[in-house]
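Below is one structure, written out as structure tokens; the observations come after it.
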Protein chains: 2
Amino acid sequence: MGLRERKKHQTRLALMDGAFELFLAQGYEATTVDQIAAAVDVSPRTFFRYFGSKEDLALDFTVEYEELITGALAARPEDEPPLEALFHAFREFIHLMERNAEEDTERFLKHRQVIDANPALLTTSFARMAETEKLLTVEMARRQGTDPATDPRPRLLVALVTSAIRVGFECSVDGATHLRTLVANVERTLTLAEQALRPGWDQLSLGSSGQVATKASSPG
Amino acid sequence: MGLRERKKHQTRLALMDGAFELFLAQGYEATTVDQIAAAVDVSPRTFFRYFGSKEDLALDFTVEYEELITGALAARPEDEPPLEALFHAFREFIHLMERNAEEDTERFLKHRQVIDANPALLTTSFARMAETEKLLTVEMARRQGTDPATDPRPRLLVALVTSAIRVGFECSVDGATHLRTLVANVERTLTLAEQALRPGWDQLSLGSSGQVATKASSPG
DNA sequence: CAATTTATGTCAGTCCATGACAGATGACAA
DNA sequence: TTGTCATCTGTCATGGACTGACATAAATTG
């Protein structure tokens with residue numbers, strides 16, 4: 001890796017660290033991009049060359065998460081029942097996240113504190129999950145042997161399990177700043193969701209097809 | 001109702017109509033607040049006295065939806081099983097929405113077209129649903145006789161059903177601009193979710209309590 | 001009509017974000 | 001080492017979303 005790339009990487013990290021330092025001290029909203037740039041001795045314009053927006057910086061970790069979760073699902077054995085594969089994948093994701101966080105506890109804690117102080121960020125991060133859910137839906141549809149464009153069931157399955165994760169994270173705001181608590185809460189809601197779902201529903205053995213009306217198929 | 005209030009109401013409607021007209025013609029992003037204000041012959045400053053933001057205007061209907069859905073749940077009979085009440089409430093909500101839309105088809109269609117052209121708005125509207133979900137959770141917890149602060153099950157139940165609705169709406173973007181199709185799609189996913197959930201899970205008869213670790217209860 | 005309340009317009013200013021251009025700096029070959 | 005090239009960076013200018021402060025105009029009330 002050349003000097004240039006090293007410097008870039010360095011600047012990127014400095015921006016994140018500087019930003020979270022300020023977020024922590026004065027809050028997310030109250031911190032301006034100019035302040036962050038100044039703290040790292042970089043022009044405000046450069047900030048936007050590294051991050052598309054202030055929010056992008058704050059939620060940077062989500063793109064890493066997307067890779068972790070889609071990768072985890074893709075790695076599940078082919079012969080595993082789809083729903084089981086999905087739950088396993090999410091569990092593995094949590095533990096991958098846990099290991100990452102342990103390697104870098106300091107950043108993890110700062111991150112959590114900022115989100116704790118501004119839960120809207122968490123909400124937004126899950127809204128951004130939409131893209132990830134699409135990827136997961138495609139893979140689930142493949143495993144279920146159905147077409148995600150006309151059959152909403154894989155999409156629904158992904159949405160149901162994802163919302164369980166979401167609840168787990170939300171439960172961990174306001175007080176539960178610690179990694180273990182977070183992981184425990186997410187695992188908890190995941191298990192509850194597993195119990196709440198009817199086993200074998202992912203097998204698509206139900207009589208009715210999942211066809212959904214669209215403009216093309218039902219102009220009514 | 002005095003003249004003053006009538007004028008205010010009138011201005012509000014004019015702003016919405018003017019805005020959606022422009023959104024439809026040039027897109028949501030491409031339309032500036034100044035343009036909207038100019039179209040209604042009002043100062044841009046006044047726009048922000050009626051709507052907190054451009055997004056607030058575009059998603060104004062969501063607050064009405066919140067009232068519809070929470071009201072529908074509150075109106076369900078006390079002796080109905082909680083989960084059943086929740087599903088019924090959502091079905092009623094859909095049909096209330098349907099009736100409202102039929103009364104004012106023109107606005108409804110414009111609205112749909114704008115959201116169709118800008119799915120980010122739809123995503124945001126669901127992100128805003130978070131507040132509604134909280135209200136629903138409180139009511140569900142009451143019906144289940146449990147404490148929403150420590151027991152994640154009511155929260156999870158609400159999240160699961162809500163995500164089914166979300167999928168229904170999402171299926172209706174890109175093509176399904178018609179009211180009937182939308183309603184049919186949402187009903188469809190709602191029914192699928194009903195089938196996917198294990199009956200009686202809402203009765204809380206499971207052995208394990210739903211206790212979630214918090215900083216207080218598990219300083220881990 | 002007079003006094004009070006409230007909505008609106010104007011103005012100035014902050015913040016987020018982006019395009020254009022020029023200068024600095026690392027990469028790389030001769 | 002040196003010169004070329006690609007790329008990163010700072011500076012400047014701009015636009016759009018939003019807000020606070022203050023004056024004005026309009027409606028309400030008596």
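Ordering of the structure tokens sets the chain letters (A, B, ...); residue numbers start at 1 within each chain; ligands are numbered from 1 in the order shown.
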Review point. What lies within 8 Å of Leu24 of chain B using only C-alpha atoms (C1' of nucleotides), ignoring chain neighbours under 5 positions off, as a count of residues only?
Key: 3
What are the closest atom pairs, with distances in Å to one decimal, for each residue of chain A lying within 10 Å of chain C, using only C-alpha atoms (C1' of nucleotides), rows by chain and rising residue number, as a tab-separated table?
residue	atom	partner	partner_atom	distance
A:Gly2	CA	C:DA27	C1'	8.5
A:Leu3	CA	C:DG26	C1'	7.2
A:Arg4	CA	C:DG26	C1'	5.9
A:Glu5	CA	C:DG26	C1'	9.6
A:Thr32	CA	C:DC15	C1'	7.3
A:Val33	CA	C:DC16	C1'	8.0
A:Asp34	CA	C:DC15	C1'	9.1
A:Arg45	CA	C:DT18	C1'	9.2
A:Phe48	CA	C:DA17	C1'	8.0
A:Gly52	CA	C:DA17	C1'	8.6
A:Ser53	CA	C:DA17	C1'	7.7
A:Lys54	CA	C:DC16	C1'	8.4
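One distance worth recording is that between atom CA of Leu68 of chain B and atom CA of Phe23 of chain B, which is 26.1 Å.
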With chain A held fixed, move chain B onto it by a least-squares fit of all C-alpha atoms in order and give the output as a PDB file with C-alpha atoms, in the first residue's frame.
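Below you can see part.pdb, which holds the result:
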ATOM      1  CA  MET B   1      -0.167   0.055  -0.454  1.00  0.00           C
ATOM      2  CA  GLY B   2       1.325   3.374  -1.510  1.00  0.00           C
ATOM      3  CA  LEU B   3       1.784   6.475   0.593  1.00  0.00           C
ATOM      4  CA  ARG B   4      -1.169   8.127  -1.028  1.00  0.00           C
ATOM      5  CA  GLU B   5      -3.592   5.402  -0.049  1.00  0.00           C
ATOM      6  CA  ARG B   6      -2.173   5.203   3.448  1.00  0.00           C
ATOM      7  CA  LYS B   7      -2.741   8.917   3.901  1.00  0.00           C
ATOM      8  CA  LYS B   8      -6.255   8.655   2.648  1.00  0.00           C
ATOM      9  CA  HIS B   9      -7.051   5.867   5.031  1.00  0.00           C
ATOM     10  CA  GLN B  10      -5.472   7.864   7.822  1.00  0.00           C
ATOM     11  CA  THR B  11      -7.503  10.964   7.038  1.00  0.00           C
ATOM     12  CA  ARG B  12     -10.658   8.931   6.933  1.00  0.00           C
ATOM     13  CA  LEU B  13     -10.018   7.470  10.358  1.00  0.00           C
ATOM     14  CA  ALA B  14      -9.033  10.855  11.732  1.00  0.00           C
ATOM     15  CA  LEU B  15     -12.278  12.335  10.475  1.00  0.00           C
ATOM     16  CA  MET B  16     -14.319   9.603  12.103  1.00  0.00           C
ATOM     17  CA  ASP B  17     -12.471   9.815  15.399  1.00  0.00           C
ATOM     18  CA  GLY B  18     -12.595  13.576  15.463  1.00  0.00           C
ATOM     19  CA  ALA B  19     -16.256  13.539  14.586  1.00  0.00           C
ATOM     20  CA  PHE B  20     -17.265  11.070  17.270  1.00  0.00           C
ATOM     21  CA  GLU B  21     -15.196  12.922  19.819  1.00  0.00           C
ATOM     22  CA  LEU B  22     -17.219  16.029  19.046  1.00  0.00           C
ATOM     23  CA  PHE B  23     -20.532  14.193  18.809  1.00  0.00           C
ATOM     24  CA  LEU B  24     -19.876  12.801  22.252  1.00  0.00           C
ATOM     25  CA  ALA B  25     -18.901  16.143  23.724  1.00  0.00           C
ATOM     26  CA  GLN B  26     -21.623  18.367  22.217  1.00  0.00           C
ATOM     27  CA  GLY B  27     -24.103  16.074  20.546  1.00  0.00           C
ATOM     28  CA  TYR B  28     -24.576  15.052  16.933  1.00  0.00           C
ATOM     29  CA  GLU B  29     -26.823  17.874  15.808  1.00  0.00           C
ATOM     30  CA  ALA B  30     -24.819  20.554  17.558  1.00  0.00           C
ATOM     31  CA  THR B  31     -21.630  19.490  15.809  1.00  0.00           C
ATOM     32  CA  THR B  32     -21.034  21.135  12.436  1.00  0.00           C
ATOM     33  CA  VAL B  33     -19.072  19.720   9.560  1.00  0.00           C
ATOM     34  CA  ASP B  34     -16.801  22.753   9.783  1.00  0.00           C
ATOM     35  CA  GLN B  35     -15.924  21.852  13.357  1.00  0.00           C
ATOM     36  CA  ILE B  36     -15.098  18.287  12.400  1.00  0.00           C
ATOM     37  CA  ALA B  37     -12.954  19.438   9.502  1.00  0.00           C
ATOM     38  CA  ALA B  38     -11.189  21.982  11.699  1.00  0.00           C
ATOM     39  CA  ALA B  39     -10.493  19.363  14.350  1.00  0.00           C
ATOM     40  CA  VAL B  40      -8.709  17.242  11.750  1.00  0.00           C
ATOM     41  CA  ASP B  41      -7.065  20.198  10.014  1.00  0.00           C
ATOM     42  CA  VAL B  42      -8.789  19.594   6.741  1.00  0.00           C
ATOM     43  CA  SER B  43     -10.971  21.806   4.606  1.00  0.00           C
ATOM     44  CA  PRO B  44     -14.738  21.302   4.941  1.00  0.00           C
ATOM     45  CA  ARG B  45     -14.813  20.529   1.236  1.00  0.00           C
ATOM     46  CA  THR B  46     -12.507  17.605   1.835  1.00  0.00           C
ATOM     47  CA  PHE B  47     -14.868  16.209   4.443  1.00  0.00           C
ATOM     48  CA  PHE B  48     -17.454  15.723   1.721  1.00  0.00           C
ATOM     49  CA  ARG B  49     -14.914  13.984  -0.455  1.00  0.00           C
ATOM     50  CA  TYR B  50     -14.657  11.281   2.197  1.00  0.00           C
ATOM     51  CA  PHE B  51     -18.278  11.139   3.317  1.00  0.00           C
ATOM     52  CA  GLY B  52     -21.345  11.969   1.324  1.00  0.00           C
ATOM     53  CA  SER B  53     -22.929  13.618   4.333  1.00  0.00           C
ATOM     54  CA  LYS B  54     -22.569  14.065   8.068  1.00  0.00           C
ATOM     55  CA  GLU B  55     -25.033  11.225   8.485  1.00  0.00           C
ATOM     56  CA  ASP B  56     -22.978   9.009   6.218  1.00  0.00           C
ATOM     57  CA  LEU B  57     -20.081   9.386   8.583  1.00  0.00           C
ATOM     58  CA  ALA B  58     -22.171   8.676  11.658  1.00  0.00           C
ATOM     59  CA  LEU B  59     -23.682   5.565  10.088  1.00  0.00           C
ATOM     60  CA  ASP B  60     -20.596   4.388   8.275  1.00  0.00           C
ATOM     61  CA  PHE B  61     -20.559   1.094  10.158  1.00  0.00           C
ATOM     62  CA  THR B  62     -23.820   0.026   8.524  1.00  0.00           C
ATOM     63  CA  VAL B  63     -22.154  -0.740   5.213  1.00  0.00           C
ATOM     64  CA  GLU B  64     -19.834  -3.110   7.012  1.00  0.00           C
ATOM     65  CA  TYR B  65     -22.843  -4.716   8.639  1.00  0.00           C
ATOM     66  CA  GLU B  66     -24.455  -5.209   5.270  1.00  0.00           C
ATOM     67  CA  GLU B  67     -21.478  -7.212   4.110  1.00  0.00           C
ATOM     68  CA  LEU B  68     -21.429  -9.248   7.303  1.00  0.00           C
ATOM     69  CA  ILE B  69     -25.049 -10.254   7.180  1.00  0.00           C
ATOM     70  CA  THR B  70     -25.321 -10.969   3.466  1.00  0.00           C
ATOM     71  CA  GLY B  71     -22.064 -12.886   3.618  1.00  0.00           C
ATOM     72  CA  ALA B  72     -23.283 -14.912   6.566  1.00  0.00           C
ATOM     73  CA  LEU B  73     -26.424 -15.929   4.718  1.00  0.00           C
ATOM     74  CA  ALA B  74     -24.554 -16.791   1.539  1.00  0.00           C
ATOM     75  CA  ALA B  75     -22.239 -19.032   3.553  1.00  0.00           C
ATOM     76  CA  ARG B  76     -25.002 -21.177   5.030  1.00  0.00           C
ATOM     77  CA  PRO B  77     -25.188 -24.685   3.590  1.00  0.00           C
ATOM     78  CA  GLU B  78     -27.458 -25.134   0.620  1.00  0.00           C
ATOM     79  CA  ASP B  79     -29.467 -27.948   2.146  1.00  0.00           C
ATOM     80  CA  GLU B  80     -30.443 -25.996   5.239  1.00  0.00           C
ATOM     81  CA  PRO B  81     -34.104 -25.002   5.374  1.00  0.00           C
ATOM     82  CA  PRO B  82     -34.329 -21.342   4.282  1.00  0.00           C
ATOM     83  CA  LEU B  83     -35.779 -19.888   7.449  1.00  0.00           C
ATOM     84  CA  GLU B  84     -33.302 -21.791   9.579  1.00  0.00           C
ATOM     85  CA  ALA B  85     -30.492 -20.489   7.398  1.00  0.00           C
ATOM     86  CA  LEU B  86     -31.753 -16.953   7.868  1.00  0.00           C
ATOM     87  CA  PHE B  87     -31.853 -17.229  11.646  1.00  0.00           C
ATOM     88  CA  HIS B  88     -28.427 -18.844  11.726  1.00  0.00           C
ATOM     89  CA  ALA B  89     -27.059 -16.116   9.513  1.00  0.00           C
ATOM     90  CA  PHE B  90     -28.360 -13.405  11.802  1.00  0.00           C
ATOM     91  CA  ARG B  91     -26.919 -15.145  14.842  1.00  0.00           C
ATOM     92  CA  GLU B  92     -23.557 -15.384  13.136  1.00  0.00           C
ATOM     93  CA  PHE B  93     -23.801 -11.763  12.153  1.00  0.00           C
ATOM     94  CA  ILE B  94     -24.283 -10.779  15.779  1.00  0.00           C
ATOM     95  CA  HIS B  95     -21.217 -12.701  16.819  1.00  0.00           C
ATOM     96  CA  LEU B  96     -19.122 -11.333  13.992  1.00  0.00           C
ATOM     97  CA  MET B  97     -20.173  -7.893  15.109  1.00  0.00           C
ATOM     98  CA  GLU B  98     -19.315  -8.824  18.663  1.00  0.00           C
ATOM     99  CA  ARG B  99     -15.813  -9.912  17.699  1.00  0.00           C
ATOM    100  CA  ASN B 100     -15.235  -6.793  15.625  1.00  0.00           C
ATOM    101  CA  ALA B 101     -16.352  -4.655  18.520  1.00  0.00           C
ATOM    102  CA  GLU B 102     -14.082  -6.408  20.966  1.00  0.00           C
ATOM    103  CA  GLU B 103     -11.116  -5.722  18.731  1.00  0.00           C
ATOM    104  CA  ASP B 104     -11.957  -2.058  18.815  1.00  0.00           C
ATOM    105  CA  THR B 105     -13.868  -1.529  22.006  1.00  0.00           C
ATOM    106  CA  GLU B 106     -13.160   2.164  22.271  1.00  0.00           C
ATOM    107  CA  ARG B 107     -14.734   3.057  18.952  1.00  0.00           C
ATOM    108  CA  PHE B 108     -17.632   0.735  19.620  1.00  0.00           C
ATOM    109  CA  LEU B 109     -18.452   2.384  22.932  1.00  0.00           C
ATOM    110  CA  LYS B 110     -18.242   5.901  21.543  1.00  0.00           C
ATOM    111  CA  HIS B 111     -20.469   4.850  18.747  1.00  0.00           C
ATOM    112  CA  ARG B 112     -23.063   3.390  21.040  1.00  0.00           C
ATOM    113  CA  GLN B 113     -23.071   6.457  23.223  1.00  0.00           C
ATOM    114  CA  VAL B 114     -23.673   8.739  20.278  1.00  0.00           C
ATOM    115  CA  ILE B 115     -26.549   6.640  19.021  1.00  0.00           C
ATOM    116  CA  ASP B 116     -27.867   6.350  22.540  1.00  0.00           C
ATOM    117  CA  ALA B 117     -28.023  10.113  22.744  1.00  0.00           C
ATOM    118  CA  ASN B 118     -29.705  10.428  19.363  1.00  0.00           C
ATOM    119  CA  PRO B 119     -32.175   7.629  18.629  1.00  0.00           C
ATOM    120  CA  ALA B 120     -33.082   9.329  15.366  1.00  0.00           C
ATOM    121  CA  LEU B 121     -29.758   8.055  14.064  1.00  0.00           C
ATOM    122  CA  LEU B 122     -30.707   4.515  14.980  1.00  0.00           C
ATOM    123  CA  THR B 123     -34.015   4.874  13.205  1.00  0.00           C
ATOM    124  CA  THR B 124     -32.272   6.178  10.117  1.00  0.00           C
ATOM    125  CA  SER B 125     -29.780   3.361  10.172  1.00  0.00           C
ATOM    126  CA  PHE B 126     -32.650   0.913  10.012  1.00  0.00           C
ATOM    127  CA  ALA B 127     -34.279   2.852   7.240  1.00  0.00           C
ATOM    128  CA  ARG B 128     -31.043   2.350   5.345  1.00  0.00           C
ATOM    129  CA  MET B 129     -31.302  -1.357   5.977  1.00  0.00           C
ATOM    130  CA  ALA B 130     -33.843  -1.433   3.153  1.00  0.00           C
ATOM    131  CA  GLU B 131     -31.103  -2.065   0.610  1.00  0.00           C
ATOM    132  CA  THR B 132     -29.682  -4.939   2.629  1.00  0.00           C
ATOM    133  CA  GLU B 133     -33.124  -6.444   2.945  1.00  0.00           C
ATOM    134  CA  LYS B 134     -33.403  -6.484  -0.824  1.00  0.00           C
ATOM    135  CA  LEU B 135     -30.180  -8.465  -1.121  1.00  0.00           C
ATOM    136  CA  LEU B 136     -31.284 -10.891   1.555  1.00  0.00           C
ATOM    137  CA  THR B 137     -34.633 -11.308  -0.161  1.00  0.00           C
ATOM    138  CA  VAL B 138     -32.990 -12.281  -3.414  1.00  0.00           C
ATOM    139  CA  GLU B 139     -30.928 -14.927  -1.679  1.00  0.00           C
ATOM    140  CA  MET B 140     -33.883 -16.237   0.301  1.00  0.00           C
ATOM    141  CA  ALA B 141     -35.997 -16.452  -2.823  1.00  0.00           C
ATOM    142  CA  ARG B 142     -33.236 -18.436  -4.487  1.00  0.00           C
ATOM    143  CA  ARG B 143     -33.141 -20.835  -1.560  1.00  0.00           C
ATOM    144  CA  GLN B 144     -36.895 -21.145  -1.548  1.00  0.00           C
ATOM    145  CA  GLY B 145     -36.967 -21.614  -5.280  1.00  0.00           C
ATOM    146  CA  THR B 146     -39.369 -18.801  -5.963  1.00  0.00           C
ATOM    147  CA  ASP B 147     -39.404 -15.471  -7.749  1.00  0.00           C
ATOM    148  CA  PRO B 148     -39.066 -12.463  -5.448  1.00  0.00           C
ATOM    149  CA  ALA B 149     -40.658 -10.192  -8.040  1.00  0.00           C
ATOM    150  CA  THR B 150     -44.026 -11.899  -7.862  1.00  0.00           C
ATOM    151  CA  ASP B 151     -43.908 -13.830  -4.588  1.00  0.00           C
ATOM    152  CA  PRO B 152     -43.819 -11.643  -1.470  1.00  0.00           C
ATOM    153  CA  ARG B 153     -43.056 -14.500   0.894  1.00  0.00           C
ATOM    154  CA  PRO B 154     -39.277 -14.319   0.876  1.00  0.00           C
ATOM    155  CA  ARG B 155     -39.515 -10.575   1.257  1.00  0.00           C
ATOM    156  CA  LEU B 156     -41.905 -10.976   4.145  1.00  0.00           C
ATOM    157  CA  LEU B 157     -39.718 -13.542   5.851  1.00  0.00           C
ATOM    158  CA  VAL B 158     -36.723 -11.246   5.668  1.00  0.00           C
ATOM    159  CA  ALA B 159     -38.774  -8.341   6.954  1.00  0.00           C
ATOM    160  CA  LEU B 160     -40.079 -10.325   9.904  1.00  0.00           C
ATOM    161  CA  VAL B 161     -36.668 -11.505  11.032  1.00  0.00           C
ATOM    162  CA  THR B 162     -35.052  -8.140  10.421  1.00  0.00           C
ATOM    163  CA  SER B 163     -37.651  -6.420  12.537  1.00  0.00           C
ATOM    164  CA  ALA B 164     -36.781  -8.774  15.377  1.00  0.00           C
ATOM    165  CA  ILE B 165     -33.180  -7.619  15.161  1.00  0.00           C
ATOM    166  CA  ARG B 166     -34.361  -4.044  15.099  1.00  0.00           C
ATOM    167  CA  VAL B 167     -36.361  -4.516  18.272  1.00  0.00           C
ATOM    168  CA  GLY B 168     -33.325  -6.073  19.909  1.00  0.00           C
ATOM    169  CA  PHE B 169     -31.206  -3.056  19.115  1.00  0.00           C
ATOM    170  CA  GLU B 170     -33.905  -0.662  20.222  1.00  0.00           C
ATOM    171  CA  CYS B 171     -34.212  -2.435  23.563  1.00  0.00           C
ATOM    172  CA  SER B 172     -30.541  -1.744  24.055  1.00  0.00           C
ATOM    173  CA  VAL B 173     -30.781   1.996  23.645  1.00  0.00           C
ATOM    174  CA  ASP B 174     -31.125   4.090  26.787  1.00  0.00           C
ATOM    175  CA  GLY B 175     -28.961   2.367  29.266  1.00  0.00           C
ATOM    176  CA  ALA B 176     -27.506  -0.749  27.723  1.00  0.00           C
ATOM    177  CA  THR B 177     -24.244   0.601  26.457  1.00  0.00           C
ATOM    178  CA  HIS B 178     -22.333  -2.593  26.937  1.00  0.00           C
ATOM    179  CA  LEU B 179     -21.576  -4.996  24.194  1.00  0.00           C
ATOM    180  CA  ARG B 180     -22.661  -8.100  26.048  1.00  0.00           C
ATOM    181  CA  THR B 181     -25.986  -6.599  26.964  1.00  0.00           C
ATOM    182  CA  LEU B 182     -26.601  -5.593  23.378  1.00  0.00           C
ATOM    183  CA  VAL B 183     -25.769  -9.035  22.073  1.00  0.00           C
ATOM    184  CA  ALA B 184     -27.893 -10.678  24.734  1.00  0.00           C
ATOM    185  CA  ASN B 185     -30.867  -8.477  23.891  1.00  0.00           C
ATOM    186  CA  VAL B 186     -30.626  -9.099  20.186  1.00  0.00           C
ATOM    187  CA  GLU B 187     -30.275 -12.840  20.700  1.00  0.00           C
ATOM    188  CA  ARG B 188     -33.256 -12.689  22.983  1.00  0.00           C
ATOM    189  CA  THR B 189     -35.554 -11.054  20.468  1.00  0.00           C
ATOM    190  CA  LEU B 190     -34.244 -13.318  17.738  1.00  0.00           C
ATOM    191  CA  THR B 191     -35.168 -16.360  19.801  1.00  0.00           C
ATOM    192  CA  LEU B 192     -38.563 -14.893  20.582  1.00  0.00           C
ATOM    193  CA  ALA B 193     -39.173 -14.299  16.892  1.00  0.00           C
ATOM    194  CA  GLU B 194     -38.124 -17.853  16.147  1.00  0.00           C
ATOM    195  CA  GLN B 195     -40.702 -19.061  18.629  1.00  0.00           C
ATOM    196  CA  ALA B 196     -43.327 -16.747  17.211  1.00  0.00           C
ATOM    197  CA  LEU B 197     -42.988 -18.011  13.663  1.00  0.00           C
ATOM    198  CA  ARG B 198     -44.759 -21.147  12.571  1.00  0.00           C
ATOM    199  CA  PRO B 199     -42.126 -23.779  11.816  1.00  0.00           C
ATOM    200  CA  GLY B 200     -41.927 -24.825   8.207  1.00  0.00           C
ATOM    201  CA  TRP B 201     -43.740 -21.799   6.864  1.00  0.00           C
ATOM    202  CA  ASP B 202     -40.710 -21.099   4.707  1.00  0.00           C
ATOM    203  CA  GLN B 203     -41.190 -24.374   2.851  1.00  0.00           C
ATOM    204  CA  LEU B 204     -43.841 -22.764   0.678  1.00  0.00           C
ATOM    205  CA  SER B 205     -45.954 -25.861   0.937  1.00  0.00           C
ATOM    206  CA  LEU B 206     -49.075 -23.803   1.456  1.00  0.00           C
ATOM    207  CA  GLY B 207     -51.801 -24.220  -1.100  1.00  0.00           C
ATOM    208  CA  SER B 208     -52.181 -20.584  -2.077  1.00  0.00           C
ATOM    209  CA  SER B 209     -49.524 -19.087  -4.233  1.00  0.00           C
ATOM    210  CA  GLY B 210     -47.919 -15.897  -3.126  1.00  0.00           C
ATOM    211  CA  GLN B 211     -48.822 -14.008  -6.265  1.00  0.00           C
ATOM    212  CA  VAL B 212     -49.221 -10.327  -5.677  1.00  0.00           C
ATOM    213  CA  ALA B 213     -51.317  -8.131  -7.867  1.00  0.00           C
ATOM    214  CA  THR B 214     -49.408  -5.622  -9.940  1.00  0.00           C
ATOM    215  CA  LYS B 215     -50.477  -3.180 -12.577  1.00  0.00           C
ATOM    216  CA  ALA B 216     -49.545  -5.729 -15.178  1.00  0.00           C
ATOM    217  CA  SER B 217     -51.378  -8.677 -13.711  1.00  0.00           C
ATOM    218  CA  SER B 218     -54.378  -6.842 -12.313  1.00  0.00           C
ATOM    219  CA  PRO B 219     -55.094  -3.470 -13.823  1.00  0.00           C
ATOM    220  CA  GLY B 220     -58.083  -3.102 -11.413  1.00  0.00           C
TER     221      GLY B 220
END
For chain D versus chain A, which residues have an atom no more than 10 Å away, and what is each residue's nearest atom pair and distance in Å rounded to one decimal, using only C-alpha atoms (C1' of nucleotides), chain-then-number order, as a tab-separated table?
residue	atom	partner	partner_atom	distance
D:DT7	C1'	A:Arg4	CA	9.1
D:DC8	C1'	A:Arg4	CA	8.6
D:DT9	C1'	A:Thr46	CA	7.0
D:DG10	C1'	A:Ser43	CA	6.5
D:DT11	C1'	A:Ser43	CA	9.2
Check your understanding: Just asking: which residues within segment 81-195 of chain B are alpha helix (DSSP H) according to DSSP, as a PyMOL selection string?
Key -> chain B and resi 82-103+105-117+119-144+153-171+179-195
